[in-house]
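To be precise, the following lines are upload_9.txt, and they hold compact mmCIF, C-alpha atoms.
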# COMPACT_ATOMS: atom_id res chain seq x y z
CA MET A 190 -47.54 38.00 60.79
CA THR A 191 -51.30 37.76 61.06
CA ALA A 192 -51.61 37.64 57.28
CA GLY A 193 -48.95 34.92 57.24
CA LEU A 194 -50.59 32.94 60.01
CA TYR A 195 -54.01 33.00 58.34
CA SER A 196 -52.54 32.08 54.97
CA ALA A 197 -50.57 29.19 56.44
CA ARG A 198 -53.70 27.86 58.16
CA ALA A 199 -55.56 28.18 54.87
CA ARG A 200 -52.82 25.94 53.43
CA LEU A 201 -51.79 28.48 50.85
CA ARG A 202 -48.20 28.32 49.65
CA VAL A 203 -47.02 31.35 51.56
CA LEU A 204 -43.69 32.90 52.55
CA LEU A 205 -43.13 35.77 54.97
CA LEU A 206 -40.18 37.98 54.12
CA GLU A 207 -38.88 40.28 56.85
CA ARG A 208 -35.60 42.15 56.64
CA LEU A 209 -35.07 42.71 60.37
CA ALA A 210 -37.27 40.85 62.80
CA PRO A 211 -41.03 40.21 62.88
CA GLY A 212 -42.87 42.84 64.87
CA GLY A 213 -41.68 46.11 63.41
CA GLN A 214 -42.63 49.13 65.45
CA VAL A 215 -44.25 47.00 68.16
CA LEU A 216 -40.79 45.88 69.21
CA THR A 217 -39.94 49.38 70.38
CA THR A 218 -42.95 49.60 72.69
CA ASP A 219 -42.33 48.90 76.31
CA ARG A 220 -45.91 48.19 77.24
CA VAL A 221 -49.03 47.48 75.21
CA GLU A 222 -52.13 48.15 77.29
CA ASN A 223 -54.90 48.26 74.77
CA TYR A 224 -54.44 45.10 72.73
CA PRO A 225 -57.49 42.99 73.56
CA GLY A 226 -56.85 39.82 75.54
CA PHE A 227 -54.21 41.12 77.94
CA PRO A 228 -55.82 42.63 81.03
CA GLU A 229 -52.42 43.23 82.67
CA GLY A 230 -50.88 44.63 79.53
CA ILE A 231 -47.92 43.01 77.77
CA SER A 232 -44.50 44.12 76.52
CA GLY A 233 -44.19 44.77 72.81
CA PHE A 234 -41.47 42.17 72.53
CA GLU A 235 -43.48 39.48 74.28
CA LEU A 236 -46.58 40.14 72.22
CA VAL A 237 -44.61 39.82 69.01
CA ASP A 238 -42.83 36.73 70.28
CA ARG A 239 -46.17 35.05 70.95
CA MET A 240 -47.49 35.97 67.51
CA LYS A 241 -44.38 34.53 65.95
CA SER A 242 -44.66 31.26 67.92
CA GLN A 243 -48.26 31.00 66.86
CA ALA A 244 -47.43 31.53 63.21
CA GLU A 245 -44.65 28.95 63.45
CA ARG A 246 -47.10 26.48 64.91
CA PHE A 247 -48.97 26.59 61.62
CA GLU A 248 -45.65 26.18 59.84
CA LEU A 249 -45.50 29.59 58.29
CA PRO A 250 -42.10 29.87 56.57
CA ILE A 251 -40.34 33.07 57.62
CA ARG A 252 -37.18 34.25 55.90
CA ASN A 253 -34.99 37.01 57.26
CA GLU A 254 -34.14 38.66 53.98
CA GLU A 255 -34.48 42.12 52.59
CA VAL A 256 -36.72 42.62 49.57
CA MET A 257 -34.70 44.90 47.28
CA ARG A 258 -37.21 45.39 44.50
CA LEU A 259 -40.74 44.42 43.50
CA ASP A 260 -42.34 44.11 40.11
CA LEU A 261 -46.03 44.07 40.96
CA ARG A 262 -47.39 44.55 37.48
CA ALA A 263 -45.70 41.44 36.14
CA GLU A 264 -47.65 38.18 36.05
CA PRO A 265 -46.65 36.40 38.22
CA LYS A 266 -45.34 39.19 40.47
CA ARG A 267 -41.58 39.22 40.96
CA VAL A 268 -39.87 39.66 44.31
CA PHE A 269 -36.14 40.45 44.21
CA LEU A 270 -34.00 39.44 47.18
CA PRO A 271 -30.26 40.19 47.36
CA HIS A 272 -29.27 36.83 45.85
CA GLU A 273 -32.50 35.38 44.55
CA GLU A 274 -35.62 36.16 42.57
CA LEU A 275 -38.99 34.82 43.63
CA GLU A 276 -42.34 34.63 41.88
CA ALA A 277 -45.68 35.10 43.56
CA LYS A 278 -49.25 34.97 42.33
CA ALA A 279 -50.32 37.35 45.10
CA VAL A 280 -48.47 39.74 47.36
CA ILE A 281 -49.51 41.17 50.73
CA LEU A 282 -47.62 44.31 51.71
CA ALA A 283 -47.31 44.90 55.42
CA LEU A 284 -44.40 47.28 55.11
CA GLY A 285 -45.18 49.41 58.11
CA ALA A 286 -43.91 52.89 58.78
CA THR A 287 -40.92 54.60 60.34
CA TRP A 288 -40.66 57.61 62.53
CA LYS A 289 -41.03 61.05 61.00
CA LYS A 290 -38.13 63.47 61.44
CA LEU A 291 -38.39 67.11 62.44
CA GLY A 292 -36.18 68.35 59.64
CA ILE A 293 -34.49 71.01 61.77
CA ASP A 294 -30.87 72.00 62.21
CA GLY A 295 -28.92 69.76 64.50
CA GLU A 296 -31.30 66.85 64.20
CA GLY A 297 -29.15 64.80 61.86
CA LEU A 298 -25.95 65.88 63.50
CA PHE A 299 -27.04 64.75 66.95
CA THR A 300 -28.94 61.59 66.02
CA GLY A 301 -27.30 58.99 68.22
CA LYS A 302 -25.86 61.72 70.42
CA GLY A 303 -29.00 62.86 72.16
CA VAL A 304 -31.60 62.89 69.42
CA SER A 305 -33.69 59.75 69.53
CA TYR A 306 -36.88 58.32 68.08
CA CYS A 307 -37.15 55.44 70.52
CA ALA A 308 -37.54 56.05 74.25
CA THR A 309 -37.39 52.38 75.17
CA CYS A 310 -34.05 52.13 73.38
CA ASP A 311 -32.38 55.21 74.73
CA GLY A 312 -34.27 56.44 77.78
CA PRO A 313 -31.86 54.95 80.33
CA PHE A 314 -28.97 56.97 78.95
CA PHE A 315 -30.66 60.08 80.28
CA ARG A 316 -30.86 59.16 83.94
CA ASP A 317 -31.36 62.26 86.08
CA GLN A 318 -31.11 64.53 83.05
CA GLN A 319 -33.53 66.95 81.42
CA VAL A 320 -34.99 65.96 78.09
CA ALA A 321 -37.52 67.22 75.58
CA VAL A 322 -40.26 65.19 73.93
CA ILE A 323 -41.64 66.62 70.72
CA GLY A 324 -45.20 65.63 69.85
CA GLY A 325 -48.77 65.58 71.09
CA GLY A 326 -50.21 62.20 70.19
CA ASP A 327 -50.45 58.85 71.96
CA THR A 328 -46.87 57.87 71.26
CA ALA A 329 -45.51 61.17 72.56
CA MET A 330 -47.45 60.74 75.82
CA GLU A 331 -46.60 57.07 76.29
CA GLU A 332 -42.94 57.70 75.69
CA ALA A 333 -42.88 60.79 77.90
CA LEU A 334 -44.40 58.70 80.69
CA PHE A 335 -41.86 55.94 80.08
CA LEU A 336 -39.08 58.50 80.33
CA THR A 337 -40.19 59.56 83.82
CA ARG A 338 -38.44 56.42 85.03
CA PHE A 339 -35.11 57.95 84.10
CA ALA A 340 -35.18 61.65 83.30
CA SER A 341 -35.40 64.27 86.03
CA LYS A 342 -37.51 66.55 83.87
CA ILE A 343 -39.36 66.15 80.61
CA TYR A 344 -40.52 69.09 78.50
CA VAL A 345 -43.31 68.09 76.17
CA VAL A 346 -43.16 70.45 73.22
CA HIS A 347 -46.35 70.62 71.16
CA ARG A 348 -47.31 73.05 68.44
CA ARG A 349 -50.98 73.25 69.44
CA ASP A 350 -52.72 74.19 72.67
CA ARG A 351 -54.34 70.76 72.98
CA LEU A 352 -53.07 67.21 72.75
CA ARG A 353 -54.26 64.64 70.24
CA ALA A 354 -53.56 61.82 72.64
CA THR A 355 -56.16 59.52 74.24
CA ARG A 356 -57.74 61.16 77.28
CA LEU A 357 -56.34 58.62 79.75
CA LEU A 358 -52.77 59.21 78.57
CA GLN A 359 -53.24 62.95 78.73
CA GLU A 360 -54.40 62.70 82.32
CA ARG A 361 -51.45 60.58 83.34
CA ALA A 362 -48.97 62.91 81.69
CA MET A 363 -50.48 66.03 83.22
CA ASP A 364 -50.50 64.44 86.66
CA ASP A 365 -46.79 63.67 86.55
CA PRO A 366 -44.70 66.33 88.29
CA ARG A 367 -41.69 65.66 86.10
CA ILE A 368 -43.55 66.50 82.91
CA GLU A 369 -43.93 70.13 81.90
CA PHE A 370 -45.93 71.13 78.84
CA LEU A 371 -44.72 73.84 76.49
CA TRP A 372 -47.83 74.62 74.45
CA GLU A 373 -48.02 76.19 71.00
CA THR A 374 -44.30 75.70 70.71
CA VAL A 375 -42.13 74.26 67.99
CA PRO A 376 -38.46 73.30 68.03
CA THR A 377 -36.34 75.33 65.65
CA ARG A 378 -32.81 74.09 66.33
CA ILE A 379 -30.99 71.48 68.35
CA LEU A 380 -27.78 72.73 69.92
CA GLY A 381 -24.72 71.17 71.44
CA GLY A 382 -21.07 70.24 71.18
CA SER A 383 -20.20 66.58 71.32
CA GLY A 384 -23.79 65.81 72.24
CA VAL A 385 -27.10 67.60 72.67
CA GLU A 386 -26.91 70.45 75.16
CA GLY A 387 -29.98 72.50 74.37
CA ILE A 388 -32.97 73.06 72.15
CA GLU A 389 -34.16 76.31 70.64
CA LEU A 390 -37.90 76.79 70.76
CA ARG A 391 -40.36 79.23 69.23
CA HIS A 392 -43.86 80.08 70.40
CA VAL A 393 -46.05 79.88 67.30
CA ARG A 394 -48.37 82.72 68.32
CA THR A 395 -46.09 85.24 70.04
CA GLY A 396 -43.01 84.42 68.00
CA GLU A 397 -40.87 84.38 71.14
CA VAL A 398 -37.68 82.39 70.75
CA TYR A 399 -35.81 80.87 73.67
CA THR A 400 -33.53 77.99 74.58
CA LYS A 401 -33.96 75.20 77.10
CA PRO A 402 -30.93 73.31 78.36
CA ILE A 403 -31.54 69.62 77.79
CA HIS A 404 -29.48 66.54 76.99
CA GLY A 405 -31.96 64.55 74.98
CA VAL A 406 -34.58 65.18 72.33
CA PHE A 407 -37.15 62.47 71.68
CA VAL A 408 -39.13 62.96 68.51
CA PHE A 409 -42.63 61.48 68.24
CA ILE A 410 -44.39 63.46 65.55
CA GLY A 411 -45.86 60.69 63.48
CA THR A 412 -44.73 58.14 60.98
CA VAL A 413 -43.76 57.94 57.36
CA PRO A 414 -44.85 54.92 55.32
CA ASN A 415 -42.17 52.52 54.06
CA THR A 416 -43.33 52.68 50.48
CA GLN A 417 -40.01 53.06 48.65
CA LEU A 418 -40.49 49.58 47.17
CA VAL A 419 -43.85 50.34 45.60
CA LYS A 420 -43.50 53.92 44.40
CA GLY A 421 -44.80 54.26 40.88
CA GLN A 422 -46.49 50.87 41.01
CA LEU A 423 -49.40 51.44 43.39
CA GLU A 424 -51.72 54.30 44.18
CA LEU A 425 -50.63 56.24 47.22
CA ASP A 426 -52.29 59.09 49.10
CA GLU A 427 -50.67 62.55 49.44
CA GLU A 428 -48.55 61.40 52.35
CA GLY A 429 -47.36 58.25 50.61
CA PHE A 430 -49.57 55.64 52.31
CA ILE A 431 -50.98 52.84 50.15
CA LEU A 432 -54.58 53.22 49.03
CA THR A 433 -56.77 50.13 49.29
CA ASP A 434 -60.47 49.32 49.32
CA GLN A 435 -62.11 47.85 52.40
CA ASN A 436 -60.91 44.39 51.39
CA MET A 437 -57.28 45.50 51.52
CA GLU A 438 -57.00 45.37 47.73
CA THR A 439 -54.70 47.89 46.07
CA ALA A 440 -55.05 49.30 42.58
CA VAL A 441 -53.16 46.29 41.22
CA PRO A 442 -55.00 42.93 41.13
CA GLY A 443 -53.37 40.37 43.38
CA VAL A 444 -51.62 43.01 45.49
CA PHE A 445 -52.94 43.70 48.98
CA ALA A 446 -51.82 45.91 51.85
CA ALA A 447 -52.34 45.77 55.61
CA GLY A 448 -51.31 47.72 58.68
CA ASP A 449 -49.59 51.05 59.15
CA VAL A 450 -48.52 51.35 55.53
CA ARG A 451 -52.16 51.69 54.47
CA SER A 452 -53.90 55.01 53.98
CA LYS A 453 -56.27 55.28 56.95
CA LEU A 454 -57.11 57.36 59.99
CA PHE A 455 -56.17 55.13 62.86
CA ARG A 456 -53.00 53.09 63.28
CA GLN A 457 -52.90 50.50 66.01
CA ILE A 458 -51.67 46.96 66.57
CA SER A 459 -55.30 45.88 66.74
CA THR A 460 -56.17 47.40 63.37
CA ALA A 461 -53.00 46.07 61.74
CA VAL A 462 -53.83 42.57 62.94
CA GLY A 463 -57.41 42.81 61.66
CA GLU A 464 -56.23 44.07 58.29
CA GLY A 465 -53.64 41.31 58.03
CA ALA A 466 -56.34 38.70 58.44
CA ALA A 467 -58.60 40.48 55.94
CA ALA A 468 -55.77 40.76 53.42
CA SER A 469 -55.08 37.05 53.70
CA TYR A 470 -58.72 36.25 53.05
CA SER A 471 -58.85 38.59 50.06
CA ALA A 472 -55.69 37.06 48.67
CA GLU A 473 -57.15 33.59 49.04
CA ARG A 474 -60.35 34.56 47.23
CA TYR A 475 -58.31 36.20 44.50
CA LEU A 476 -56.25 33.06 43.97
CA GLU A 477 -59.34 30.87 43.87
CA SER A 478 -61.03 33.11 41.34
CA ARG A 479 -58.00 32.74 39.09
CA GLY A 480 -58.03 28.96 39.36
CA HIS A 481 -54.94 28.69 41.57
CA HIS A 482 -54.72 27.01 44.98
CA MET B 113 -23.46 27.05 73.71
CA SER B 114 -23.24 30.60 72.54
CA ASP B 115 -20.24 31.88 70.64
CA LEU B 116 -20.82 35.26 72.25
CA LEU B 117 -18.67 36.55 75.06
CA HIS B 118 -20.25 38.68 77.77
CA VAL B 119 -17.94 41.59 78.43
CA THR B 120 -18.01 43.94 81.39
CA ASP B 121 -16.46 47.25 82.36
CA GLU B 122 -13.81 45.22 84.17
CA ASN B 123 -12.71 42.90 81.38
CA PHE B 124 -13.35 45.13 78.36
CA ASP B 125 -9.78 46.22 77.82
CA ALA B 126 -8.37 42.74 78.21
CA GLU B 127 -10.94 41.06 76.00
CA ILE B 128 -11.55 43.65 73.31
CA MET B 129 -8.93 46.39 73.22
CA LYS B 130 -6.11 43.88 73.57
CA SER B 131 -7.71 41.25 71.39
CA GLU B 132 -5.51 39.83 68.65
CA THR B 133 -8.44 39.17 66.38
CA PRO B 134 -10.86 41.89 65.31
CA ALA B 135 -13.92 42.11 67.52
CA LEU B 136 -17.56 43.12 67.32
CA VAL B 137 -19.28 44.33 70.48
CA ASP B 138 -23.08 44.44 70.68
CA PHE B 139 -24.22 47.03 73.24
CA TRP B 140 -27.72 46.10 74.36
CA ALA B 141 -30.19 46.06 77.23
CA GLU B 142 -33.10 43.93 78.35
CA TRP B 143 -35.78 46.56 77.81
CA CYS B 144 -34.67 47.54 74.34
CA GLY B 145 -36.81 45.92 71.64
CA PRO B 146 -34.62 46.65 68.63
CA CYS B 147 -31.63 45.22 70.53
CA ARG B 148 -33.46 41.94 70.68
CA MET B 149 -33.90 42.11 66.91
CA VAL B 150 -30.19 42.47 66.41
CA GLY B 151 -29.22 39.90 69.07
CA PRO B 152 -30.08 36.76 67.07
CA VAL B 153 -28.38 38.19 63.97
CA VAL B 154 -25.15 38.75 65.93
CA GLU B 155 -25.40 35.21 67.33
CA GLU B 156 -25.71 33.79 63.84
CA LEU B 157 -22.72 35.75 62.62
CA ALA B 158 -20.74 34.66 65.68
CA GLY B 159 -21.23 31.07 64.61
CA GLN B 160 -20.30 31.79 61.00
CA TYR B 161 -17.13 33.79 61.70
CA LYS B 162 -15.96 31.83 64.71
CA GLY B 163 -12.22 31.94 65.13
CA LYS B 164 -11.79 34.85 62.74
CA ILE B 165 -13.67 37.53 64.69
CA LYS B 166 -14.43 37.77 68.37
CA PHE B 167 -18.08 38.47 69.16
CA ALA B 168 -19.14 40.04 72.45
CA LYS B 169 -22.17 41.55 74.12
CA MET B 170 -22.29 44.24 76.76
CA ASP B 171 -25.34 44.91 78.90
CA VAL B 172 -25.41 48.69 79.24
CA ASP B 173 -27.64 48.53 82.29
CA LYS B 174 -25.02 46.64 84.25
CA ASN B 175 -22.02 48.39 82.75
CA ARG B 176 -22.10 52.17 82.63
CA GLN B 177 -18.45 53.06 82.12
CA THR B 178 -17.70 51.48 78.77
CA PRO B 179 -20.72 52.91 76.94
CA ALA B 180 -19.87 56.36 78.32
CA ARG B 181 -16.27 55.93 77.22
CA PHE B 182 -17.38 55.42 73.64
CA GLY B 183 -20.04 58.11 73.73
CA ILE B 184 -22.88 55.64 73.32
CA ARG B 185 -26.28 57.20 73.88
CA ASN B 186 -28.41 55.01 71.66
CA ILE B 187 -28.84 51.31 71.50
CA PRO B 188 -28.49 48.97 69.82
CA THR B 189 -25.00 50.06 68.95
CA LEU B 190 -22.49 47.72 67.35
CA ILE B 191 -18.84 48.73 67.54
CA PHE B 192 -16.25 46.99 65.38
CA PHE B 193 -12.75 46.92 66.89
CA LYS B 194 -9.44 46.20 65.18
CA GLY B 195 -6.07 46.48 66.86
CA GLY B 196 -7.53 48.19 69.90
CA GLU B 197 -9.18 50.93 67.86
CA VAL B 198 -12.73 51.60 66.74
CA ALA B 199 -12.99 50.60 63.08
CA GLN B 200 -16.71 51.19 62.60
CA THR B 201 -19.86 51.96 64.54
CA ILE B 202 -23.42 51.00 63.61
CA ILE B 203 -26.16 52.76 65.57
CA GLY B 204 -29.63 51.25 65.37
CA ALA B 205 -31.00 47.97 64.12
CA TYR B 206 -29.84 46.93 60.67
CA PRO B 207 -30.37 43.74 58.68
CA LYS B 208 -27.83 40.92 58.73
CA SER B 209 -26.55 41.81 55.26
CA ALA B 210 -25.52 45.30 56.36
CA ILE B 211 -23.77 44.07 59.50
CA GLU B 212 -22.02 41.27 57.62
CA GLU B 213 -20.71 43.75 55.06
CA GLU B 214 -18.97 45.71 57.80
CA LEU B 215 -17.67 42.51 59.36
CA LYS B 216 -16.00 41.49 56.14
CA LYS B 217 -14.10 44.77 56.08
CA LEU B 218 -12.45 43.79 59.34
CA LEU B 219 -10.90 40.66 57.87
So that I can check it, write out the structure of this file as structure tokens.
Amino acid sequence: MTAGLYSARARLRVLLLERLAPGGQVLTTDRVENYPGFPEGISGFELVDRMKSQAERFELPIRNEEVMRLDLRAEPKRVFLPHEELEAKAVILALGATWKKLGIDGEGLFTGKGVSYCATCDGPFFRDQQVAVIGGGDTAMEEALFLTRFASKIYVVHRRDRLRATRLLQERAMDDPRIEFLWETVPTRILGGSGVEGIELRHVRTGEVYTKPIHGVFVFIGTVPNTQLVKGQLELDEEGFILTDQNMETAVPGVFAAGDVRSKLFRQISTAVGEGAAASYSAERYLESRGHH
Amino acid sequence: MSDLLHVTDENFDAEIMKSETPALVDFWAEWCGPCRMVGPVVEELAGQYKGKIKFAKMDVDKNRQTPARFGIRNIPTLIFFKGGEVAQTIIGAYPKSAIEEELKKLL
């Protein structure tokens, strides 16, 4: 949205294509505390809503359509929608990422029946129940803390003996009496009948295997880039994230990337926004250098 | 004026299970971001398929029985009903095209 907003203000002929709703992962966050400008914090939904209103103010066209295919090497680039084909002289990819799965037995079977990747979506279904949160980063801590509003007990299962999360979040989680940490532990199987009833865990050092009775498993172990559309067309790193230079340019001229889909160390709303603006600027310079505009 | 009916635990059977036309029920809640993504899509479809399909929303915070009855533990969940039976369930937020495809199967 930031890339769109900047491009609209720069009076470029721009179109934002979004298959679901603008905001992506931010929409699943209950509270954003660290986005600059909001001393009281703000809900993910509200933040996105404001960005959207702002973009609309500059008359950014937004179409709710799914991009099915891209031909980025063509000149101009071709964008294939379900019932239409568009041409673009430059493309900015802000494809984002989706939650990583554990890949263990029972995970697929119980998705929707106790296995969840979104605490703000499903937390309330676990009122007064015991749940497990898998992960050790910021998201795992934030979501575990969110879950304390509903669950009676939350086991945080992490494969190391230290968390990756920001110090402040760690402190809050450790102070909460409902949260219990299971260190150096990994989940091996999710068990249940019509829904989740337990989780099998293994201590990575001792090898001890045991089961905890729980009704929900919330998985926050990282994200996977949404790069299906660009496989084979752009350079990706080993995990599939798009490689760009510091001006958000990919290996293909006229193609730029911003946000979580990019190969980088740190993924935040604040960095995604900054990159969106930078990508828009780079795209504008690219178009000018080619005599368009 | 919305073409969406708000259903509750009390009127669910009368409005949905006994409905003569097929129905789509959007199970949502205030605090659920992805539900708010799906909401506008369902509203649009409600306008498009008015008269042919009944569109309803149920707030799972205010109504606990119906979601439990259908084993709902994730939202957003869309359940498609035909002749008092569950014809299809979509769990999670999906684009309009995917939801519309399922809707067409009801007709």
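Residue-level contacts from chain B to chain A at 7 Å, counting only C-alpha atoms, read Trp143, Cys144, Gly145, Pro146, Met149, Arg185, Asn186, Ile187, Ile203, Tyr206 and Pro207 of chain B.
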Exercise: range 167-179 of chain B partners within 7 Å, all atoms listed in the file, chain neighbours under 6 positions left out, as a PyMOL selection string: chain B and resi 116-121+135-141+158
Residue contacts of range 391-395 of chain A (10 Å, only C-alpha atoms) excluding same-chain residues fewer than 6 positions away, as a compact mmCIF listing (two decimals) with C-alpha atoms, keeping the file's coordinate frame:
# COMPACT_ATOMS: atom_id res chain seq x y z
CA HIS A 347 -46.35 70.62 71.16
CA ARG A 348 -47.31 73.05 68.44
CA ARG A 349 -50.98 73.25 69.44
CA LEU A 371 -44.72 73.84 76.49
CA TRP A 372 -47.83 74.62 74.45
CA GLU A 373 -48.02 76.19 71.00
CA THR A 374 -44.30 75.70 70.71
CA VAL A 375 -42.13 74.26 67.99
CA PRO A 376 -38.46 73.30 68.03
CA THR A 377 -36.34 75.33 65.65
CA ARG A 378 -32.81 74.09 66.33
So that I can check the surroundings of range 438-453 of chain A, please list as a ChimeraX atom specification every protein, DNA and RNA residue that reaches within 7 Å of it, counting only C-alpha atoms and ignoring chain neighbours fewer than 6 positions away. /A:278-286,414-415,423-424,426,430-432,460-461,464-465,468,472,475
Between CA of Val413 in chain A and CA of Phe299 in chain A, what distance in Å does the model show, to one decimal?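 Between these atoms lies a distance of 20.4 Å.
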Distance cut-off 10 Å, centre (-41.6, 42.7, 40.8) in file coordinates, counting all atoms listed in the file: which residues qualify? Return them as a count of residues only. 21
What is the CA of Glu332 in chain A to CA of Asp238 in chain A distance in Å? 21.7 Å
Mind giving me the straight-line distance from CA of Gly411 in chain A to CA of Val237 in chain A in Å, one decimal?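 Between CA of Gly411 in chain A and CA of Val237 in chain A the gap works out to 21.6 Å.
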List the neighbours of Arg202 in chain A out to 12 Å using all atoms listed in the file; skip same-chain residues closer than 4 positions along the sequence, and give me the result as a VMD selection string. chain A and resid 193 to 198 248 to 250 276 to 280 469 472 to 473 476 481 to 482
Go ahead and save the residues from that selection, with C-alpha atoms, as a PDB file, keeping the file's coordinate frame.
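Output saved as result_2.pdb:
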ATOM      1  CA  GLY A 193     -48.950  34.920  57.240  1.00  0.00           C
ATOM      2  CA  LEU A 194     -50.590  32.940  60.010  1.00  0.00           C
ATOM      3  CA  TYR A 195     -54.010  33.000  58.340  1.00  0.00           C
ATOM      4  CA  SER A 196     -52.540  32.080  54.970  1.00  0.00           C
ATOM      5  CA  ALA A 197     -50.570  29.190  56.440  1.00  0.00           C
ATOM      6  CA  ARG A 198     -53.700  27.860  58.160  1.00  0.00           C
ATOM      7  CA  GLU A 248     -45.650  26.180  59.840  1.00  0.00           C
ATOM      8  CA  LEU A 249     -45.500  29.590  58.290  1.00  0.00           C
ATOM      9  CA  PRO A 250     -42.100  29.870  56.570  1.00  0.00           C
ATOM     10  CA  GLU A 276     -42.340  34.630  41.880  1.00  0.00           C
ATOM     11  CA  ALA A 277     -45.680  35.100  43.560  1.00  0.00           C
ATOM     12  CA  LYS A 278     -49.250  34.970  42.330  1.00  0.00           C
ATOM     13  CA  ALA A 279     -50.320  37.350  45.100  1.00  0.00           C
ATOM     14  CA  VAL A 280     -48.470  39.740  47.360  1.00  0.00           C
ATOM     15  CA  SER A 469     -55.080  37.050  53.700  1.00  0.00           C
ATOM     16  CA  ALA A 472     -55.690  37.060  48.670  1.00  0.00           C
ATOM     17  CA  GLU A 473     -57.150  33.590  49.040  1.00  0.00           C
ATOM     18  CA  LEU A 476     -56.250  33.060  43.970  1.00  0.00           C
ATOM     19  CA  HIS A 481     -54.940  28.690  41.570  1.00  0.00           C
ATOM     20  CA  HIS A 482     -54.720  27.010  44.980  1.00  0.00           C
TER      21      HIS A 482
END
Among listed residues B:Gln160, B:Ala180, B:Gly195, B:Gly204, nearest Glu132 in chain B (using all atoms listed in the file):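 Comparing B:Gln160, B:Ala180, B:Gly195, B:Gly204 against Glu132 in chain B, the winner is B:Gly195.
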Under the rule that all atoms listed in the file are counted, which of B:Val198, B:Leu157, B:Ile184, B:Ile165 is the nearest residue to Glu212 in chain B? B:Leu157
Let me make sure I understand: among B:Arg148, B:Gly159, B:Phe193, B:Ser209, which one has the smallest atom-to-atom distance to Ser131 in chain B if we use all atoms listed in the file? B:Phe193
